[in-house]
Each structure stands twice: as C-alpha cells, then as structure tokens.
Amino acid sequence: MSSSLYFILPALGGYTLASLYLLKNPHILHRKKRTAFHCQHISHRGGCGERIENTMEAFTHAVEQGTGMLELDCHLTLDGHVVVSHDENLLRQTGHNINVSSVNLQDMPLYKDRLELTFSAGHYSSGADRKFALLEDLFRRFPEMAVNIEIKEDNSQLIEKISELVRRYNREDITVWATVHSRIMKKCRKTNPSMPYSFSMSRGLLLLLLFYSGLLPFVPLGESFLQFYLPRIINRTFIPEKRILRNRLVIFLLEKLTMRKSLFEHLVARGIQVQLFVCNEDQDIEAAFEVGATGVMSDYPTLLSNYLSRQRSH
C-alpha cells in the first residue's frame, strides 16, 4: 500500500496542477466559441414588468430601451400557428382555463388587464396591447434582434415549425434554443443544429460535477449559453412553488455551489455567455455582474438600461 502511494500522490498532484492551470487557460485545449452576438441586456418575457408579457408592445418597448436579446416561450395553436406564450394553459394569463393547443389562433383570448409578475411578487404590469404575438410577426418586426426561445413541451411539430421560421427569416445565428429538458434539447439540436443552444438542467448538473471534480478543463462543451437563477432572489422577489426551494439552507447551499466566479470565468474564456435571471432590482443586477455574469435577464428593461448606462459613465 505504501509503495503505491509513491505513484498515486504525484499523479494526483500533477492532475490537480494541470486542472487548475487549464481552468484559467482553456484556450490551450479548446478553441473559443464565436457567437454572432454578445448581450448584457436581456428582456425576460419581453420585459414583462413594464408592459404585458410577450406582447408586441412589450417587445417594441424593450428594443426601444436598448435590449440586446428578447427571452420568450412558444406554443402551438390548434390550427398550427406558433404563438409567443409563457404558459400552455392560459388561466394565469387570461382567466380562461384552456390550453393554447386546444384553440385556433382567431379564438385566442386576450391577456388580462393586469398581470402579476412571477419574479416581483405583488407587482403588476399593464399595457394597451393584450393580444398574443405570433413568433413570425416578431421575426418580421425585429429581423436583427437576438431571440432566446425556451421550449417547455416535448412537441416535435412545434420544434419543427420554429426551426422553419428561423430558417425562413435567415436568423439561425441569432436565435437560441433553450429548455430545461435534455430530451427536448436533443430534438431541437437534431431539427436545427445550426442554432446556438444553452445548457439543459441535466447538462448544468454535469457541468457542476465536472467543475468540482477538476475534469471540466479537459471536456469539450457544445453549449454557447449558461442560463440560471440568481439564487439570492429566491424567497425575496421570487417566491417559488416548490417547497424545497423555500428552505433557507437549501438556497444557501445552492448559491455556494453554483455562483462560482472561477467557473463563470472559465466558461467566458471559452466563449460561453453566462446569463443570470431574473434581476429586477439594482442590487441583484450588480450581484449578478460581480459574480461573473456576462448578461442579466430582467422584467424591467428600462431599469436594466439605466443601470448599464450608469456603469458606463463611471
């Protein structure tokens, strides 16, 4: 046993030193990713704190405030139209307990007059526009605006139609696949492999495992974006439905495990953008950038623009 330590200890020492060196110098093993855009300012649900979420009015307002990317979700109507909607069931947004997939486009109800913000409990948004937007109309209106599309349902037809629209409007390099489900992400990538994509939940967990084991610098990564909660907002501006996330110890451990500046710096050095959400107060925006985020998602595009403007003037 003692003789084997003469080989094991030097090997472990060499592995540790190599891992630490490559963590800070990933260019030695990996070519830096070159995405077509880089954004600090991301409007969550189109900037749903200042206009009704995911409406053309919200998107237009966010673009006017200088956003670099619109974040949204899509679903498919009964007659095959891709509409921008966070929820498949429309009860929260419209008061009608129906699914997007069960109605034709012309029968889609309007949004409520006022909508409570998911990530700013007790705060509401309103606006003149209460119509659900079509993804195609968004592409037409803002042909050069980066768009992050989250796919929540395992629907091959939806994925194919989104891919068709992306190709039709020649925006594969500025439209991002996003989903928490690895199974859905595989379908997205198979349908349109030219689009950049973000980490799914299981891939994010693997990323952490690789980081803490020291293997990360040696492993190639296909993703171009890491998108994750800023844990400090949980149970303050964002009240989660899952009971386990209401436990302070769980959130403390989550923050300590995930908000690692050395991890984010490594990813950024490899050309992977780190985007933290949903930051609706200056203190949270500042915390996100301090820990190494390259971009921040907010419900308030004006708030985020004002913060970035102040930072540039300093």
# chains A, B, ... in the order shown; residues from 1 in each chain; ligands from 1
$ select_by_dssp --residues "range 123-180 of chain A" --states "strand (DSSP E or B)" --output "list of chain:residue names"
A:His123, A:Tyr124, A:Ser125, A:Ser126, A:Ala133, A:Leu134, A:Ala146, A:Val147, A:Asn148, A:Ile149, A:Glu150, A:Thr175, A:Val176, A:Trp177, A:Ala178
$ write_last_selection --atoms "all heavy atoms" --output "mmCIF file, in the first residue's frame"
data_model
loop_
_atom_site.group_PDB
_atom_site.id
_atom_site.type_symbol
_atom_site.label_atom_id
_atom_site.label_comp_id
_atom_site.auth_asym_id
_atom_site.auth_seq_id
_atom_site.Cartn_x
_atom_site.Cartn_y
_atom_site.Cartn_z
ATOM 1 N N HIS A 123 -46.214 42.849 -7.617
ATOM 2 C CA HIS A 123 -46.123 43.890 -8.634
ATOM 3 C C HIS A 123 -46.868 43.437 -9.889
ATOM 4 O O HIS A 123 -46.848 42.254 -10.245
ATOM 5 C CB HIS A 123 -44.664 44.194 -8.976
ATOM 6 C CG HIS A 123 -43.902 44.814 -7.852
ATOM 7 N ND1 HIS A 123 -43.650 46.173 -7.780
ATOM 8 C CD2 HIS A 123 -43.349 44.280 -6.733
ATOM 9 C CE1 HIS A 123 -42.974 46.443 -6.676
ATOM 10 N NE2 HIS A 123 -42.770 45.292 -6.022
ATOM 11 N N TYR A 124 -47.502 44.388 -10.559
ATOM 12 C CA TYR A 124 -48.326 44.082 -11.721
ATOM 13 C C TYR A 124 -47.890 44.913 -12.924
ATOM 14 O O TYR A 124 -47.364 46.018 -12.776
ATOM 15 C CB TYR A 124 -49.801 44.365 -11.419
ATOM 16 C CG TYR A 124 -50.405 43.423 -10.397
ATOM 17 C CD1 TYR A 124 -50.178 43.621 -9.037
ATOM 18 C CD2 TYR A 124 -51.174 42.337 -10.792
ATOM 19 C CE1 TYR A 124 -50.714 42.752 -8.094
ATOM 20 C CE2 TYR A 124 -51.727 41.469 -9.860
ATOM 21 C CZ TYR A 124 -51.482 41.682 -8.508
ATOM 22 O OH TYR A 124 -52.005 40.817 -7.579
ATOM 23 N N SER A 125 -48.135 44.373 -14.105
ATOM 24 C CA SER A 125 -47.878 45.115 -15.344
ATOM 25 C C SER A 125 -49.187 45.284 -16.098
ATOM 26 O O SER A 125 -50.140 44.518 -15.918
ATOM 27 C CB SER A 125 -46.860 44.379 -16.222
ATOM 28 O OG SER A 125 -47.399 43.142 -16.665
ATOM 29 N N SER A 126 -49.215 46.298 -16.951
ATOM 30 C CA SER A 126 -50.390 46.536 -17.788
ATOM 31 C C SER A 126 -49.919 47.174 -19.081
ATOM 32 O O SER A 126 -48.745 47.540 -19.224
ATOM 33 C CB SER A 126 -51.397 47.449 -17.077
ATOM 34 O OG SER A 126 -50.799 48.703 -16.786
ATOM 35 N N ALA A 133 -48.790 37.442 -29.315
ATOM 36 C CA ALA A 133 -47.989 37.696 -30.521
ATOM 37 C C ALA A 133 -47.655 36.392 -31.236
ATOM 38 O O ALA A 133 -47.510 35.332 -30.613
ATOM 39 C CB ALA A 133 -46.700 38.421 -30.147
ATOM 40 N N LEU A 134 -47.520 36.486 -32.536
ATOM 41 C CA LEU A 134 -47.015 35.377 -33.334
ATOM 42 C C LEU A 134 -45.496 35.484 -33.421
ATOM 43 O O LEU A 134 -44.955 36.582 -33.591
ATOM 44 C CB LEU A 134 -47.599 35.406 -34.741
ATOM 45 C CG LEU A 134 -49.067 35.016 -34.913
ATOM 46 C CD1 LEU A 134 -49.519 35.295 -36.349
ATOM 47 C CD2 LEU A 134 -49.279 33.546 -34.579
ATOM 48 N N ALA A 146 -31.552 39.495 -31.406
ATOM 49 C CA ALA A 146 -31.349 38.148 -30.878
ATOM 50 C C ALA A 146 -32.564 37.723 -30.061
ATOM 51 O O ALA A 146 -33.147 38.526 -29.325
ATOM 52 C CB ALA A 146 -30.096 38.103 -30.012
ATOM 53 N N VAL A 147 -32.953 36.462 -30.214
ATOM 54 C CA VAL A 147 -34.127 35.932 -29.516
ATOM 55 C C VAL A 147 -33.772 34.591 -28.885
ATOM 56 O O VAL A 147 -33.199 33.715 -29.541
ATOM 57 C CB VAL A 147 -35.328 35.762 -30.474
ATOM 58 C CG1 VAL A 147 -36.507 35.106 -29.756
ATOM 59 C CG2 VAL A 147 -35.757 37.105 -31.059
ATOM 60 N N ASN A 148 -34.102 34.445 -27.614
ATOM 61 C CA ASN A 148 -33.913 33.198 -26.883
ATOM 62 C C ASN A 148 -35.276 32.525 -26.745
ATOM 63 O O ASN A 148 -36.183 33.079 -26.132
ATOM 64 C CB ASN A 148 -33.326 33.501 -25.503
ATOM 65 C CG ASN A 148 -33.033 32.241 -24.705
ATOM 66 O OD1 ASN A 148 -31.929 31.725 -24.731
ATOM 67 N ND2 ASN A 148 -34.025 31.735 -23.966
ATOM 68 N N ILE A 149 -35.433 31.350 -27.342
ATOM 69 C CA ILE A 149 -36.719 30.656 -27.336
ATOM 70 C C ILE A 149 -36.642 29.434 -26.430
ATOM 71 O O ILE A 149 -35.911 28.488 -26.717
ATOM 72 C CB ILE A 149 -37.131 30.217 -28.751
ATOM 73 C CG1 ILE A 149 -37.203 31.423 -29.686
ATOM 74 C CG2 ILE A 149 -38.476 29.495 -28.714
ATOM 75 C CD1 ILE A 149 -37.517 31.074 -31.129
ATOM 76 N N GLU A 150 -37.409 29.461 -25.347
ATOM 77 C CA GLU A 150 -37.467 28.297 -24.462
ATOM 78 C C GLU A 150 -38.608 27.381 -24.895
ATOM 79 O O GLU A 150 -39.737 27.826 -25.101
ATOM 80 C CB GLU A 150 -37.661 28.710 -23.009
ATOM 81 C CG GLU A 150 -37.676 27.499 -22.077
ATOM 82 C CD GLU A 150 -37.672 27.853 -20.606
ATOM 83 O OE1 GLU A 150 -37.557 29.045 -20.276
ATOM 84 O OE2 GLU A 150 -37.796 26.918 -19.784
ATOM 85 N N THR A 175 -30.677 33.213 -32.999
ATOM 86 C CA THR A 175 -31.822 32.623 -32.300
ATOM 87 C C THR A 175 -31.332 31.420 -31.507
ATOM 88 O O THR A 175 -30.668 30.529 -32.058
ATOM 89 C CB THR A 175 -32.918 32.192 -33.291
ATOM 90 O OG1 THR A 175 -33.217 33.271 -34.171
ATOM 91 C CG2 THR A 175 -34.192 31.799 -32.539
ATOM 92 N N VAL A 176 -31.659 31.393 -30.226
ATOM 93 C CA VAL A 176 -31.083 30.412 -29.295
ATOM 94 C C VAL A 176 -32.127 29.387 -28.860
ATOM 95 O O VAL A 176 -33.245 29.753 -28.468
ATOM 96 C CB VAL A 176 -30.515 31.128 -28.049
ATOM 97 C CG1 VAL A 176 -29.906 30.124 -27.071
ATOM 98 C CG2 VAL A 176 -29.496 32.182 -28.449
ATOM 99 N N TRP A 177 -31.747 28.120 -28.944
ATOM 100 C CA TRP A 177 -32.573 27.059 -28.352
ATOM 101 C C TRP A 177 -32.347 27.049 -26.840
ATOM 102 O O TRP A 177 -31.207 27.067 -26.389
ATOM 103 C CB TRP A 177 -32.179 25.684 -28.874
ATOM 104 C CG TRP A 177 -32.523 25.280 -30.263
ATOM 105 C CD1 TRP A 177 -31.666 24.837 -31.217
ATOM 106 C CD2 TRP A 177 -33.832 25.202 -30.856
ATOM 107 N NE1 TRP A 177 -32.328 24.505 -32.369
ATOM 108 C CE2 TRP A 177 -33.667 24.710 -32.174
ATOM 109 C CE3 TRP A 177 -35.114 25.503 -30.401
ATOM 110 C CZ2 TRP A 177 -34.739 24.514 -33.036
ATOM 111 C CZ3 TRP A 177 -36.189 25.318 -31.266
ATOM 112 C CH2 TRP A 177 -36.003 24.835 -32.557
ATOM 113 N N ALA A 178 -33.435 26.958 -26.068
ATOM 114 C CA ALA A 178 -33.317 26.836 -24.611
ATOM 115 C C ALA A 178 -34.417 25.920 -24.090
ATOM 116 O O ALA A 178 -35.555 25.993 -24.544
ATOM 117 C CB ALA A 178 -33.415 28.204 -23.947
#
$ residues_around --residues "Tyr300 in chain A" --least-positions-apart "4" --cutoff "9 Å" --atoms "only C-alpha atoms" --output "list in words"
Ser43, His44, Gly47, Cys48, Gly49, Glu50, Ala62, Cys279, Asn280, Glu281, Leu304 and Ser305 of chain A
$ write_last_selection --atoms "N, CA and C atoms" --output "JSON list (two decimals), in the first residue's frame"
[["chain", "number", "residue", "atom", "x", "y", "z"],
["A", 43, "SER", "N", -34.25, 40.91, -22.05],
["A", 43, "SER", "CA", -35.59, 41.25, -21.56],
["A", 43, "SER", "C", -36.40, 39.97, -21.37],
["A", 44, "HIS", "N", -36.64, 39.61, -20.10],
["A", 44, "HIS", "CA", -37.35, 38.40, -19.74],
["A", 44, "HIS", "C", -38.83, 38.54, -20.08],
["A", 47, "GLY", "N", -39.74, 41.81, -21.35],
["A", 47, "GLY", "CA", -39.77, 42.97, -20.45],
["A", 47, "GLY", "C", -41.13, 43.11, -19.81],
["A", 48, "CYS", "N", -41.56, 42.04, -19.14],
["A", 48, "CYS", "CA", -42.95, 41.95, -18.67],
["A", 48, "CYS", "C", -43.25, 42.81, -17.44],
["A", 49, "GLY", "N", -42.27, 43.51, -16.91],
["A", 49, "GLY", "CA", -42.54, 44.39, -15.78],
["A", 49, "GLY", "C", -43.05, 45.76, -16.20],
["A", 50, "GLU", "N", -42.83, 46.09, -17.49],
["A", 50, "GLU", "CA", -43.19, 47.43, -17.97],
["A", 50, "GLU", "C", -44.31, 47.41, -19.00],
["A", 62, "ALA", "N", -39.05, 47.07, -25.18],
["A", 62, "ALA", "CA", -37.74, 46.56, -24.76],
["A", 62, "ALA", "C", -36.65, 46.93, -25.77],
["A", 279, "CYS", "N", -33.38, 39.47, -12.57],
["A", 279, "CYS", "CA", -32.88, 40.52, -11.69],
["A", 279, "CYS", "C", -33.71, 41.79, -11.88],
["A", 280, "ASN", "N", -34.55, 42.10, -10.91],
["A", 280, "ASN", "CA", -35.48, 43.22, -11.02],
["A", 280, "ASN", "C", -35.16, 44.37, -10.07],
["A", 281, "GLU", "N", -34.01, 44.30, -9.42],
["A", 281, "GLU", "CA", -33.55, 45.39, -8.56],
["A", 281, "GLU", "C", -32.08, 45.63, -8.82],
["A", 304, "LEU", "N", -32.79, 48.05, -16.22],
["A", 304, "LEU", "CA", -31.51, 47.45, -16.60],
["A", 304, "LEU", "C", -30.71, 48.39, -17.49],
["A", 305, "SER", "N", -31.37, 49.07, -18.42],
["A", 305, "SER", "CA", -30.68, 50.03, -19.28],
["A", 305, "SER", "C", -30.08, 51.17, -18.46]]
$ residues_around --residues "Arg260 in chain A" --least-positions-apart "3" --cutoff "10 Å" --atoms "only C-alpha atoms" --output "list in words"
Leu208, Phe211, Glu255, Lys256, Leu257, Leu263, Phe264, Glu265, Val291 and Gly292 of chain A
$ closest_residue --among "A:Glu172, A:Val296, A:Ile251, A:His61" --to "Phe228 in chain A" --atoms "only C-alpha atoms"
A:Val296
$ closest_residue --among "A:Glu64, A:Glu153, A:Glu144, A:Asp113" --to "Tyr169 in chain A" --atoms "only C-alpha atoms"
A:Glu144
$ closest_residue --among "A:Asn170, A:Asn89, A:Ser262, A:Ser309" --to "Tyr212 in chain A" --atoms "only C-alpha atoms"
A:Ser262
$ closest_residue --among "A:Asn54, A:Ser194, A:Ala293, A:Leu29" --to "His41 in chain A" --atoms "only C-alpha atoms"
A:Ala293
$ residues_around --residues "Glu160 in chain A" --least-positions-apart "2" --cutoff "12 Å" --atoms "only C-alpha atoms" --output "ChimeraX atom specification"
/A:75-76,80-82,151,154-158,162-167,184,187-193
$ select_by_dssp --residues "range 202-297 of chain A" --states "helix (DSSP H, G or I)" --output "VMD selection string"
chain A and resid 202 to 213 216 to 218 231 to 233 243 to 246 248 to 258 261 to 269 282 to 290
$ closest_residue --among "A:Gln275, A:Glu71, A:Lys261, A:Ser213" --to "Lys24 in chain A" --atoms "only C-alpha atoms"
A:Lys261
$ atom_distance --atom1 "CA of Arg248 in chain A" --atom2 "CA of Arg203 in chain A"
25.1 Å
$ atom_distance --atom1 "CA of Gly68 in chain A" --atom2 "CA of Ala269 in chain A"
20.6 Å
